[in-house]
Structure formats: structure tokens, C-alpha cells
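Student: What follows is entry_2.txt, compact mmCIF, C-alpha atoms.
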# COMPACT_ATOMS: atom_id res chain seq x y z
CA MET A 14 -228.74 138.42 50.81
CA MET A 15 -226.73 137.37 47.76
CA SER A 16 -227.55 140.69 46.10
CA TRP A 17 -226.11 142.55 49.07
CA LEU A 18 -223.01 140.38 48.97
CA PHE A 19 -222.51 140.82 45.23
CA ALA A 20 -223.03 144.58 45.27
CA GLY A 21 -220.97 144.92 48.46
CA LEU A 22 -217.95 143.06 47.09
CA LEU A 23 -218.02 145.07 43.86
CA GLY A 24 -218.45 148.36 45.71
CA LEU A 25 -215.58 147.60 48.08
CA SER A 26 -213.27 146.55 45.28
CA PHE A 27 -213.92 149.81 43.44
CA LEU A 28 -213.36 151.84 46.59
CA PHE A 29 -210.16 150.07 47.61
CA GLY A 30 -208.89 149.90 44.03
CA LEU A 31 -209.20 153.69 44.01
CA LEU A 32 -207.59 154.18 47.44
CA ASN A 33 -204.72 151.77 46.79
CA GLY A 34 -204.18 152.94 43.23
CA ARG A 35 -204.75 149.45 41.89
CA MET A 36 -207.56 150.10 39.46
CA ASP A 37 -205.55 148.48 36.65
CA ALA A 38 -205.35 145.19 38.58
CA VAL A 39 -209.09 145.36 39.43
CA SER A 40 -209.88 145.92 35.79
CA THR A 41 -207.74 142.97 34.69
CA ALA A 42 -209.30 140.74 37.36
CA ALA A 43 -212.84 141.60 36.22
CA VAL A 44 -212.08 140.35 32.72
CA SER A 45 -209.93 137.33 33.55
CA ASP A 46 -211.88 135.96 36.53
CA CYS A 47 -215.26 135.84 34.80
CA ALA A 48 -213.56 133.72 32.15
CA GLY A 49 -212.04 131.68 34.99
CA ALA A 50 -215.55 130.79 36.15
CA VAL A 51 -216.26 129.24 32.76
CA THR A 52 -213.04 127.18 32.91
CA LEU A 53 -213.96 126.02 36.40
CA THR A 54 -217.47 125.03 35.31
CA ILE A 55 -216.10 122.98 32.41
CA GLN A 56 -213.66 121.27 34.77
CA LEU A 57 -216.47 120.69 37.24
CA ALA A 58 -218.79 119.35 34.56
CA GLY A 59 -216.85 116.08 34.33
CA VAL A 60 -216.96 115.41 38.06
CA MET A 61 -220.55 116.55 38.16
CA CYS A 62 -221.51 113.99 35.49
CA LEU A 63 -219.47 111.24 37.16
CA TRP A 64 -221.05 111.66 40.58
CA SER A 65 -224.56 112.33 39.34
CA GLY A 66 -224.25 109.08 37.39
CA LEU A 67 -222.89 107.14 40.37
CA MET A 68 -225.59 108.64 42.57
CA ARG A 69 -228.27 107.30 40.22
CA ILE A 70 -226.75 103.81 40.40
CA ALA A 71 -226.56 103.97 44.20
CA GLN A 72 -230.21 105.02 44.39
CA ALA A 73 -231.50 102.38 42.01
CA SER A 74 -229.54 99.56 43.65
CA GLY A 75 -230.69 100.42 47.16
CA LEU A 76 -227.27 101.44 48.48
CA THR A 77 -228.51 104.87 49.56
CA ASP A 78 -231.34 103.23 51.55
CA LYS A 79 -228.76 101.36 53.62
CA LEU A 80 -226.70 104.48 54.22
CA SER A 81 -229.71 106.58 55.16
CA ARG A 82 -230.71 103.99 57.77
CA LEU A 83 -227.24 104.37 59.28
CA PHE A 84 -227.47 108.16 59.33
CA GLY A 85 -231.15 108.15 60.34
CA PRO A 86 -230.83 109.61 63.86
CA LEU A 87 -228.48 112.38 62.71
CA ILE A 88 -230.78 113.36 59.83
CA ARG A 89 -233.79 113.37 62.14
CA PHE A 90 -232.01 115.79 64.47
CA LEU A 91 -230.59 118.14 61.83
CA PHE A 92 -233.51 118.05 59.42
CA ARG A 93 -236.50 117.80 61.71
CA GLY A 94 -239.64 116.67 59.92
CA LEU A 95 -237.86 115.35 56.83
CA PRO A 96 -238.92 111.72 56.17
CA ALA A 97 -235.84 109.48 56.35
CA GLN A 98 -236.79 107.61 53.18
CA SER A 99 -237.50 110.70 51.06
CA PRO A 100 -235.28 111.30 48.01
CA ALA A 101 -234.03 114.49 49.68
CA ALA A 102 -232.88 112.67 52.82
CA LYS A 103 -231.07 110.05 50.74
CA ALA A 104 -229.27 112.69 48.71
CA ILE A 105 -228.28 114.49 51.93
CA VAL A 106 -226.84 111.24 53.32
CA MET A 107 -224.76 110.73 50.18
CA ASN A 108 -223.52 114.33 50.41
CA LEU A 109 -222.53 113.96 54.07
CA THR A 110 -220.77 110.65 53.40
CA ALA A 111 -218.75 112.16 50.56
CA ASN A 112 -217.80 115.07 52.84
CA LEU A 113 -216.64 112.79 55.65
CA LEU A 114 -214.53 110.74 53.25
CA GLY A 115 -212.91 113.92 51.97
CA LEU A 116 -214.35 113.53 48.47
CA GLY A 117 -214.94 117.26 48.08
CA ASN A 118 -215.46 116.98 44.34
CA ALA A 119 -218.15 114.37 44.85
CA ALA A 120 -219.82 116.20 47.71
CA THR A 121 -220.72 119.21 45.55
CA PRO A 122 -222.80 117.42 42.87
CA LEU A 123 -224.43 115.24 45.54
CA GLY A 124 -225.21 118.30 47.65
CA ILE A 125 -226.70 120.11 44.68
CA ALA A 126 -228.88 117.08 43.97
CA ALA A 127 -230.06 117.24 47.59
CA MET A 128 -230.78 120.98 47.23
CA LYS A 129 -232.98 120.33 44.21
CA GLU A 130 -234.92 117.67 46.08
CA LEU A 131 -235.33 119.99 49.05
CA GLU A 132 -236.48 122.79 46.75
CA GLN A 133 -239.34 120.64 45.49
CA ILE A 134 -240.71 120.13 49.00
CA ALA A 135 -239.93 123.67 50.23
CA PRO A 136 -243.04 125.38 51.63
CA GLU A 137 -242.37 128.69 49.85
CA LYS A 138 -240.96 128.94 46.33
CA GLY A 139 -237.98 131.23 45.88
CA THR A 140 -237.20 131.21 49.60
CA ALA A 141 -234.73 128.88 51.28
CA SER A 142 -236.38 126.39 53.63
CA ASP A 143 -234.84 125.58 57.02
CA HIS A 144 -233.60 122.29 55.56
CA MET A 145 -231.90 123.98 52.61
CA ALA A 146 -230.16 126.48 54.89
CA MET A 147 -229.03 123.67 57.21
CA LEU A 148 -227.59 121.66 54.32
CA VAL A 149 -225.65 124.66 53.00
CA VAL A 150 -224.36 125.54 56.48
CA LEU A 151 -223.14 121.95 56.94
CA ASN A 152 -221.35 122.14 53.60
CA THR A 153 -219.73 125.50 54.33
CA ALA A 154 -218.23 123.92 57.46
CA SER A 155 -215.56 121.30 57.05
CA LEU A 156 -216.78 117.75 57.74
CA GLN A 157 -213.66 116.14 56.29
CA LEU A 158 -212.11 113.65 58.73
CA ILE A 159 -208.62 113.77 57.23
CA PRO A 160 -207.59 117.09 55.61
CA THR A 161 -205.33 115.53 52.99
CA THR A 162 -204.52 118.68 51.00
CA THR A 163 -203.45 120.53 54.14
CA ALA A 164 -201.34 117.61 55.33
CA ALA A 165 -199.73 117.22 51.89
CA LEU A 166 -198.76 120.92 51.83
CA ARG A 167 -197.32 120.64 55.34
CA LEU A 168 -195.25 117.66 54.27
CA ALA A 169 -194.09 119.47 51.12
CA ASN A 170 -192.89 122.35 53.30
CA GLY A 171 -190.77 120.09 55.49
CA SER A 172 -193.04 119.39 58.45
CA ALA A 173 -191.68 116.75 60.84
CA ALA A 174 -195.23 115.58 61.65
CA PRO A 175 -197.74 116.69 59.00
CA MET A 176 -200.59 114.81 60.73
CA GLU A 177 -200.03 116.15 64.25
CA ILE A 178 -202.67 118.81 63.59
CA LEU A 179 -205.46 116.20 63.32
CA PRO A 180 -206.84 116.40 66.90
CA ALA A 181 -206.75 120.20 66.74
CA VAL A 182 -208.52 120.16 63.36
CA TRP A 183 -211.24 117.86 64.74
CA LEU A 184 -211.73 120.07 67.78
CA ALA A 185 -211.84 123.29 65.74
CA SER A 186 -214.12 121.97 63.01
CA GLY A 187 -216.33 120.16 65.54
CA VAL A 188 -216.94 123.32 67.54
CA SER A 189 -217.35 125.32 64.32
CA ILE A 190 -219.98 122.89 62.97
CA CYS A 191 -221.86 122.94 66.28
CA ALA A 192 -221.86 126.75 66.19
CA GLY A 193 -223.18 126.71 62.61
CA VAL A 194 -225.93 124.18 63.40
CA PHE A 195 -226.87 126.07 66.55
CA MET A 196 -227.07 129.39 64.70
CA ALA A 197 -229.06 127.80 61.85
CA LYS A 198 -231.60 126.39 64.34
CA ILE A 199 -231.86 129.62 66.36
CA LEU A 200 -231.91 132.02 63.41
CA SER A 201 -234.45 129.97 61.47
CA ARG A 202 -237.03 130.90 64.11
CA SER A 203 -236.35 134.63 64.02
CA TYR A 204 -236.34 134.63 60.22
CA ASN A 205 -239.61 132.66 60.20
CA ARG A 206 -241.41 135.48 61.96
CA ARG A 207 -240.42 137.93 59.27
CA VAL A 208 -240.91 135.78 56.20
CA GLY A 209 -241.16 137.73 52.99
CA ARG A 210 -239.05 140.68 53.99
CA HIS A 211 -235.64 139.02 53.79
CA GLY A 212 -233.32 138.39 50.94
CA MET B 12 -201.16 108.85 54.54
CA ASP B 13 -201.20 109.80 50.92
CA ARG B 14 -201.62 106.15 50.12
CA ILE B 15 -204.85 105.78 52.10
CA SER B 16 -206.36 108.85 50.47
CA ASP B 17 -205.38 107.45 47.07
CA PHE B 18 -207.49 104.39 47.81
CA ILE B 19 -210.67 106.14 48.94
CA LEU B 20 -211.89 107.51 45.61
CA PRO B 21 -211.44 104.38 43.44
CA ALA B 22 -212.79 102.20 46.28
CA VAL B 23 -215.96 104.26 46.61
CA ILE B 24 -216.56 104.25 42.84
CA ILE B 25 -216.04 100.50 42.61
CA CYS B 26 -218.27 99.86 45.63
CA ILE B 27 -221.16 101.82 44.11
CA VAL B 28 -220.91 100.32 40.63
CA GLY B 29 -220.09 96.83 41.96
CA TYR B 30 -223.05 96.86 44.37
CA GLY B 31 -225.39 97.93 41.57
CA PHE B 32 -223.99 95.27 39.26
CA ILE B 33 -224.48 92.49 41.84
CA LYS B 34 -228.03 93.71 42.44
CA LYS B 35 -228.54 93.33 38.66
CA ALA B 36 -229.19 97.03 38.07
CA PRO B 37 -228.50 98.35 34.53
CA VAL B 38 -225.49 100.27 35.83
CA PHE B 39 -224.39 101.81 32.53
CA ASP B 40 -227.82 103.12 31.56
CA LEU B 41 -228.39 104.47 35.05
CA PHE B 42 -225.01 106.19 34.94
CA LEU B 43 -225.79 107.90 31.63
CA GLU B 44 -229.15 109.04 32.93
CA GLY B 45 -227.57 110.62 35.99
CA ALA B 46 -224.61 112.07 34.09
CA LYS B 47 -226.96 113.87 31.71
CA GLU B 48 -228.58 115.51 34.70
CA GLY B 49 -225.14 116.44 36.05
CA LEU B 50 -224.33 118.22 32.80
CA CYS B 51 -227.50 120.31 33.05
CA THR B 52 -226.64 121.20 36.65
CA SER B 53 -223.18 122.42 35.62
CA VAL B 54 -224.70 124.79 33.09
CA GLN B 55 -227.22 125.93 35.69
CA ILE B 56 -224.61 126.99 38.24
CA LEU B 57 -222.41 128.83 35.71
CA PRO B 58 -224.11 132.27 36.02
CA ALA B 59 -223.78 132.24 39.82
CA LEU B 60 -220.12 131.23 39.56
CA VAL B 61 -219.36 134.02 37.07
CA ALA B 62 -220.96 136.58 39.38
CA LEU B 63 -219.12 135.42 42.49
CA MET B 64 -215.73 134.72 40.96
CA THR B 65 -215.67 138.10 39.22
CA ALA B 66 -216.55 139.90 42.45
CA VAL B 67 -214.01 137.91 44.48
CA GLY B 68 -211.29 138.38 41.86
CA MET B 69 -211.87 142.13 41.82
CA ILE B 70 -211.77 142.49 45.59
CA LYS B 71 -208.56 140.44 45.77
CA ALA B 72 -206.95 142.67 43.14
CA SER B 73 -208.07 145.89 44.85
CA GLY B 74 -205.87 145.25 47.89
CA ALA B 75 -208.88 145.57 50.19
CA LEU B 76 -207.76 142.48 52.12
CA ASP B 77 -204.42 144.08 53.01
CA SER B 78 -206.27 147.12 54.30
CA PHE B 79 -208.68 144.95 56.32
CA THR B 80 -205.76 142.95 57.75
CA TYR B 81 -204.16 146.18 58.89
CA ALA B 82 -207.40 147.45 60.42
CA LEU B 83 -208.14 144.17 62.20
CA ARG B 84 -204.75 143.84 63.92
CA PRO B 85 -205.96 145.16 67.31
CA VAL B 86 -208.97 142.80 67.19
CA ALA B 87 -206.69 139.87 66.45
CA ALA B 88 -204.45 140.75 69.37
CA LEU B 89 -207.49 140.89 71.63
CA LEU B 90 -208.55 137.39 70.51
CA HIS B 91 -205.02 135.94 70.83
CA LEU B 92 -204.89 135.31 67.09
CA PRO B 93 -201.43 135.87 65.56
CA GLN B 94 -201.77 138.69 63.03
CA GLU B 95 -199.77 136.68 60.47
CA VAL B 96 -202.75 134.35 59.96
CA LEU B 97 -205.26 137.20 59.45
CA PRO B 98 -204.96 137.30 55.63
CA LEU B 99 -205.72 133.58 55.58
CA ALA B 100 -208.79 134.01 57.82
CA LEU B 101 -210.07 136.86 55.63
CA LEU B 102 -209.57 135.07 52.33
CA ARG B 103 -210.58 131.53 53.38
CA PRO B 104 -214.38 132.06 53.20
CA ILE B 105 -214.33 133.77 49.80
CA SER B 106 -211.62 132.06 47.75
CA GLY B 107 -210.38 128.48 48.02
CA SER B 108 -207.46 128.84 45.61
CA GLY B 109 -206.50 132.23 47.05
CA ALA B 110 -206.45 130.79 50.57
CA LEU B 111 -204.26 127.92 49.41
CA VAL B 112 -201.67 130.36 48.03
CA ILE B 113 -201.58 132.35 51.28
CA PHE B 114 -201.39 129.12 53.30
CA GLN B 115 -198.38 128.03 51.22
CA ASP B 116 -196.70 131.39 51.86
CA ILE B 117 -197.24 131.10 55.62
CA LEU B 118 -195.79 127.57 55.69
CA ARG B 119 -192.76 128.64 53.68
CA GLN B 120 -192.15 131.80 55.68
CA TYR B 121 -192.72 130.57 59.24
CA GLY B 122 -192.35 126.79 58.89
CA PRO B 123 -195.16 124.23 59.23
CA ASP B 124 -194.22 123.27 62.80
CA SER B 125 -194.10 126.81 64.21
CA LEU B 126 -197.04 128.17 66.21
CA ILE B 127 -198.13 130.33 63.27
CA GLY B 128 -197.71 127.45 60.82
CA ARG B 129 -199.75 125.12 63.01
CA ILE B 130 -202.57 127.60 63.57
CA ALA B 131 -202.70 128.30 59.82
CA SER B 132 -202.79 124.53 59.13
CA VAL B 133 -205.68 123.96 61.52
CA MET B 134 -207.56 126.94 60.04
CA GLN B 135 -207.01 125.65 56.54
CA GLY B 136 -208.07 122.12 57.52
CA SER B 137 -211.12 122.95 59.58
CA THR B 138 -212.96 125.47 57.37
CA GLU B 139 -214.39 125.60 53.87
CA THR B 140 -214.89 128.16 51.10
CA THR B 141 -218.23 129.44 52.41
CA PHE B 142 -219.18 131.89 49.65
CA TYR B 143 -218.39 129.47 46.85
CA THR B 144 -220.55 126.78 48.47
CA ILE B 145 -223.45 129.18 48.98
CA ALA B 146 -223.22 130.48 45.39
CA VAL B 147 -223.03 127.00 43.87
CA TYR B 148 -225.72 125.38 46.03
CA TYR B 149 -228.25 128.16 45.68
CA GLY B 150 -227.22 128.81 42.07
CA ALA B 151 -228.58 125.40 41.17
CA THR B 152 -231.99 126.29 42.62
CA LYS B 153 -234.40 129.16 42.03
CA VAL B 154 -233.97 130.48 45.56
CA GLN B 155 -233.50 134.24 45.87
CA LYS B 156 -234.04 134.62 49.60
CA THR B 157 -231.36 132.67 51.42
CA ARG B 158 -232.67 133.80 54.84
CA HIS B 159 -230.30 132.90 57.69
CA THR B 160 -227.83 130.84 55.60
CA LEU B 161 -225.04 133.41 55.35
CA PRO B 162 -225.09 134.63 58.99
CA ALA B 163 -225.11 131.05 60.30
CA ALA B 164 -222.32 129.95 57.93
CA LEU B 165 -220.15 132.97 58.75
CA THR B 166 -220.63 132.39 62.48
CA ALA B 167 -219.34 128.86 61.97
CA ASP B 168 -216.31 130.25 60.11
CA LEU B 169 -215.53 132.80 62.80
CA VAL B 170 -215.84 130.21 65.56
CA GLY B 171 -213.64 127.88 63.49
CA PHE B 172 -210.88 130.50 63.21
CA LEU B 173 -210.92 131.34 66.90
CA MET B 174 -211.03 127.67 67.84
CA SER B 175 -208.05 126.93 65.55
CA ALA B 176 -205.79 129.18 67.61
CA LEU B 177 -207.23 127.84 70.86
CA ALA B 178 -207.01 124.17 69.80
CA VAL B 179 -203.36 124.51 68.77
CA ARG B 180 -202.48 126.11 72.11
CA LEU B 181 -204.40 123.40 74.01
CA LEU B 182 -203.43 120.29 72.07
CA LEU B 183 -200.02 121.05 70.57
CA PRO B 184 -197.89 122.54 73.34
Represent the structure contained in this file as C-alpha cells.

Tutor:
Amino acid sequence: MMSWLFAGLLGLSFLFGLLNGRMDAVSTAAVSDCAGAVTLTIQLAGVMCLWSGLMRIAQASGLTDKLSRLFGPLIRFLFRGLPAQSPAAKAIVMNLTANLLGLGNAATPLGIAAMKELEQIAPEKGTASDHMAMLVVLNTASLQLIPTTTAALRLANGSAAPMEILPAVWLASGVSICAGVFMAKILSRSYNRRVGRHG
Amino acid sequence: MDRISDFILPAVIICIVGYGFIKKAPVFDLFLEGAKEGLCTSVQILPALVALMTAVGMIKASGALDSFTYALRPVAALLHLPQEVLPLALLRPISGSGALVIFQDILRQYGPDSLIGRIASVMQGSTETTFYTIAVYYGATKVQKTRHTLPAALTADLVGFLMSALAVRLLLP
């Protein structure tokens, strides 16, 4: 799937660069944006270290156990068959908590930690398990309770009530998350029947 | 509002370290152990990020999104989505920083409290950068077959966009 995406994006950019006469811009972007990925990784590395370190403390001190008990029912529904006290479940709980609090920078390293735990218990190596797909789908949806960046930009542009969008944001993201979870549950079955032929 | 969000991050950090300290855990050594792992993870996701960011940068530069926006105008009209927010909906899943720039433009041009400004705000606030998340999360693993991840995530995005317009019309008359 990622190969299709990668090849598709590159193919489309060549085609439209040609049609729109913007090949020079495409060429510049190819050189500057791959370097941008390195800059981003270096910036991310600090946060990654910070939260991986904090995660280790939270695990060793038993804080994650408490949180995972709180999230137990939700985890059991979303990740059916995953033991609530497994390292993977604890990492997922930390990831979801960070998302809810709007700590996007923290959610990524915690989510990656959860992915690595899930990979170890995945039934088939090299293929995403249902749990891995569910975790990624949850993270591609917005779980943030208060969209601070959006509200700050609204305020900066002279909004009379930057927070008035909150109920609408909750409704839209709630329905969107439900749709994602629903699709993940439904599609996992149809993809199960054809294991080995999908990428 | 800004003040509450300023408190969250330091409070969470202090809670985690403080709790560990009270429980007599060797907080500093544990932190270093975890941080070392975090550094390895960063290096691990770099190749996936280079691939995706190069592809996204090239497609942004090619003007393909303008062409798609133009082509999708009838569809948007059918779904009661103002066409002014289409560029945002197209860019939001693939580029976080790109979406932020377009969002800024919409707010400046139409005003944050206009219908278009509100719908754009709800879109921006209720969705995430799907492709980046998929690249980073799977980039850290050895998974090649992502199965139903992308279709499910994109469905959630599409529903989120349509719901943004609907929610604004329902809740913010």
C-alpha cells in the first residue's frame, strides 16, 4: 500500500508538473524537502528522547498500570484479545492519553513504542496486525479535546470567539473517529480472508 | 485558554517524574535508558520520512492540488461543502505544515467567524495529518503490508470533512 502511495504521488507530481509547466518548482522541492525530512527528524529526536525517557519512568513506577486500568474497557473494545496488562496495552494507553491532552509531540513517540510492542506479538511478520492498524487509524484521527493551535490561529486573525468551534469540533471528530474504527473493524475481516496478497 | 494549555505539558512531566520519585524509582537512570531508545527510533523513522516528505513536497510544487480543487468543485457543491475549503481538505491528510498555511490564508481572507472560516477551523481542529502518521508509525516497524490501514484512515478523514460542514451548520447558526 505504501509503495502504491509513494509511486502514485511521484507519478502525479511529474504529470502535473509537466501539465502546469512547473517542473522547476518540482525539481527544487525534490531536493529541498528530502533535506527537510532530516531537519524534522533532528527536531523530533529531542522530543522522542524526552517522552521515551518519561515513558520508561511511568512504566517502572507503576503509573501506566493505573492508567491502563482506567482505560481498560475502551482498550478491550478497540483491541479485542489484547491483554490489558501487556506492555503493548500500556503503551497504547499512554499514547491515547497524550492525544487527549493535546500533547501531539508526546503522542508520536509513545505511539511508536506501542507499535513496536504490537509488532512483537503480531501473528504474521511484515504484515500489520488488526491491532496495529487500529492504533494507526486512531492516531490519524484527531482525539485532541481542545485544538489549541487552531484556536490560537483564530484568535490571531481577530475571531470574536475562538473557542466557539469546540462543540462542532467534538461532533466532527467524534463521528470521524467512529467511522475510522468501524471501517477498521469491518475491513480487517475482508483483508483477513485474502492475507498475503495485499500490500 | 492559552494559559491552561501552557500548564498541561509541564504538569504532565512533573507528575510522571514526581510519581516515580515518590515510588523510589531511579528516575534519572530510567530516563536515560528510555531516551537512548528514543534516539534509535528517530533514526529508524528517518528513511520513511524522507520518502514521504519528498513525494509530498513534489506534489505540492507541481500544482496538482489546484487542478484537483478545480475538478472537485461539482462534487463539493453536491456535498454542500464550500469550494473555498477544498484546498484545505485536499492538503490536510498529506501535509500538516502545508494545511496550516492554507488555513491561515482562509482565516485572513474570509475572517474566522464567517461560515467558510468556521468550517475551515472545524476541519483543521478535527482531523490529523494521516499520511505522516502512517509513514512514521509503520516506518518504525518492519511492516510492509499495511492492509486496511490507509482505506480506514482515509474514510475517517472524508467523514471528518463532511461532518465539519454539517456540524458548523447545525451548531453554529

Student: Excluding Gly45 (chain B) and any residue of its chain fewer than 4 positions from it, enumerate the residues within 8 Å of it, using only C-alpha atoms, and give them as a list in words.

Tutor: Cys62, Ser65, Gly66, Leu67, Met68 and Arg69 of chain A; Leu41 and Gly49 of chain B

Student: Please report the interatomic distance between CA of Leu116 (chain A) and CA of Gly107 (chain B) in Å with one decimal.

Tutor: 15.5 Å

Student: Check the smallest atom-to-atom distance from each of A:Met196, A:Ala127, A:Ile134, A:Ile159 to chain B using only C-alpha atoms, then report the winner.

Tutor: A:Met196

Student: Residues within 6 Å of region 136-152 of chain B, please, as a ChimeraX atom specification. Count all atoms listed in the file; anything in the same chain fewer than 5 positions from it doesn't count.

Tutor: /A:125,153-155,160,163,182,186 /B:55-56,59,103-105,107

Student: In Å, with one decimal, what is the gap from CA of Ala164 (chain B) to CA of Ala192 (chain A)?

Tutor: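 Calculated distance between CA of Ala164 (chain B) and CA of Ala192 (chain A) is 8.9 Å.
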
Student: Enter the distance from CA of Val51 (chain A) to CA of Lys129 (chain A), in Å, rounded to one decimal.

Tutor: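 CA of Val51 (chain A) sits 22.1 Å away from CA of Lys129 (chain A).
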
Student: Looking at A:Ser16, A:Val188, A:Thr162, A:Lys138, which one is nearest to Ala178 (chain B), with distances taken over only C-alpha atoms?

Tutor: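 Answer, going by the shortest atom-to-atom distance: A:Val188.
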
Student: For each of A:Ala173, A:Ala97, A:Leu23, A:Ala102, take the minimum atom-to-atom distance to Met145 (chain A), counting all atoms listed in the file, then give the residue where this is smallest.

Tutor: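 Of the candidates, the smallest distance to Met145 (chain A) is held by A:Ala102.
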
Student: Determine, counting all atoms listed in the file, which protein, DNA and RNA residues have an atom within 10 Å of an atom of Ser175 (chain B); residues of the same chain fewer than 5 positions away are not included. Present the result as a ChimeraX atom specification.

Tutor: /A:178,181-186,188-189 /B:92,129-138,169-170,180-181

Student: Please determine, counting only C-alpha atoms, which residue among B:Pro98, B:Pro162, B:Pro93, B:Gly31 has the shortest atom-to-atom distance to chain A.

Tutor: B:Gly31

Student: Which one of B:Gly128, B:Phe32, B:Thr80, B:Ala167 sits closest to chain A if you count all atoms listed in the file?

Tutor: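 Smallest separation from chain A among the options: B:Ala167.
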
Student: Put the listed atoms of region 50-56 of chain B in a box along x, y and z with 8 Å added on every side and give me the centre and edge lengths in Å to one decimal, as lines of an AutoDock Vina configuration file.

Tutor:
center_x = -225.3
center_y = 122.6
center_z = 35.5
size_x = 20.3
size_y = 24.8
size_z = 21.4

Student: Please list as a PyMOL selection string every residue within 9 Å of Lys71 (chain B), counting only C-alpha atoms and excluding residues in the same chain fewer than 3 positions away.

Tutor: (chain A and resi 26+39+42) or (chain B and resi 66-68+74-76+102+109)

Student: Under the rule that only C-alpha atoms are counted, which of B:Leu97, B:Val38, B:Ala82, B:Ile70 is the nearest residue to Ile113 (chain B)?

Tutor: B:Leu97

Student: Mind checking which residues fall within 12 Å of Gln120 (chain B), counting only C-alpha atoms, ignoring those fewer than 4 positions away in the same chain, and posting them as a PyMOL selection string?

Tutor: (chain A and resi 170-171) or (chain B and resi 95-96+113-116+124-125+127-128+131)

Student: Working from the structure I just supplied, which lacks atoms in region 86-98 of chain B, can you model N, CA and C atoms there and output them as an mmCIF file, in the coordinates of the input?

Tutor:
data_model
loop_
_atom_site.group_PDB
_atom_site.id
_atom_site.type_symbol
_atom_site.label_atom_id
_atom_site.label_comp_id
_atom_site.auth_asym_id
_atom_site.auth_seq_id
_atom_site.Cartn_x
_atom_site.Cartn_y
_atom_site.Cartn_z
ATOM 1 N N VAL B 86 -207.963 143.820 66.871
ATOM 2 C CA VAL B 86 -208.970 142.800 67.190
ATOM 3 C C VAL B 86 -208.310 141.437 67.338
ATOM 4 N N ALA B 87 -207.384 141.151 66.417
ATOM 5 C CA ALA B 87 -206.690 139.870 66.450
ATOM 6 C C ALA B 87 -205.892 139.715 67.747
ATOM 7 N N ALA B 88 -205.239 140.793 68.142
ATOM 8 C CA ALA B 88 -204.450 140.750 69.370
ATOM 9 C C ALA B 88 -205.342 140.466 70.568
ATOM 10 N N LEU B 89 -206.523 141.065 70.550
ATOM 11 C CA LEU B 89 -207.490 140.890 71.630
ATOM 12 C C LEU B 89 -207.940 139.428 71.713
ATOM 13 N N LEU B 90 -208.044 138.760 70.566
ATOM 14 C CA LEU B 90 -208.550 137.390 70.510
ATOM 15 C C LEU B 90 -207.422 136.359 70.549
ATOM 16 N N HIS B 91 -206.188 136.819 70.787
ATOM 17 C CA HIS B 91 -205.020 135.940 70.830
ATOM 18 C C HIS B 91 -204.811 135.194 69.514
ATOM 19 N N LEU B 92 -205.100 135.882 68.420
ATOM 20 C CA LEU B 92 -204.890 135.310 67.090
ATOM 21 C C LEU B 92 -203.646 135.984 66.518
ATOM 22 N N PRO B 93 -202.608 135.211 66.130
ATOM 23 C CA PRO B 93 -201.430 135.870 65.560
ATOM 24 C C PRO B 93 -201.817 136.647 64.297
ATOM 25 N N GLN B 94 -201.336 137.884 64.169
ATOM 26 C CA GLN B 94 -201.770 138.690 63.030
ATOM 27 C C GLN B 94 -201.294 138.130 61.694
ATOM 28 N N GLU B 95 -200.272 137.253 61.726
ATOM 29 C CA GLU B 95 -199.770 136.680 60.470
ATOM 30 C C GLU B 95 -200.813 135.792 59.786
ATOM 31 N N VAL B 96 -201.765 135.242 60.570
ATOM 32 C CA VAL B 96 -202.750 134.350 59.960
ATOM 33 C C VAL B 96 -204.010 135.113 59.526
ATOM 34 N N LEU B 97 -204.074 136.419 59.812
ATOM 35 C CA LEU B 97 -205.260 137.200 59.450
ATOM 36 C C LEU B 97 -205.603 137.167 57.953
ATOM 37 N N PRO B 98 -204.610 137.350 57.058
ATOM 38 C CA PRO B 98 -204.960 137.300 55.630
ATOM 39 C C PRO B 98 -205.620 135.976 55.256
#
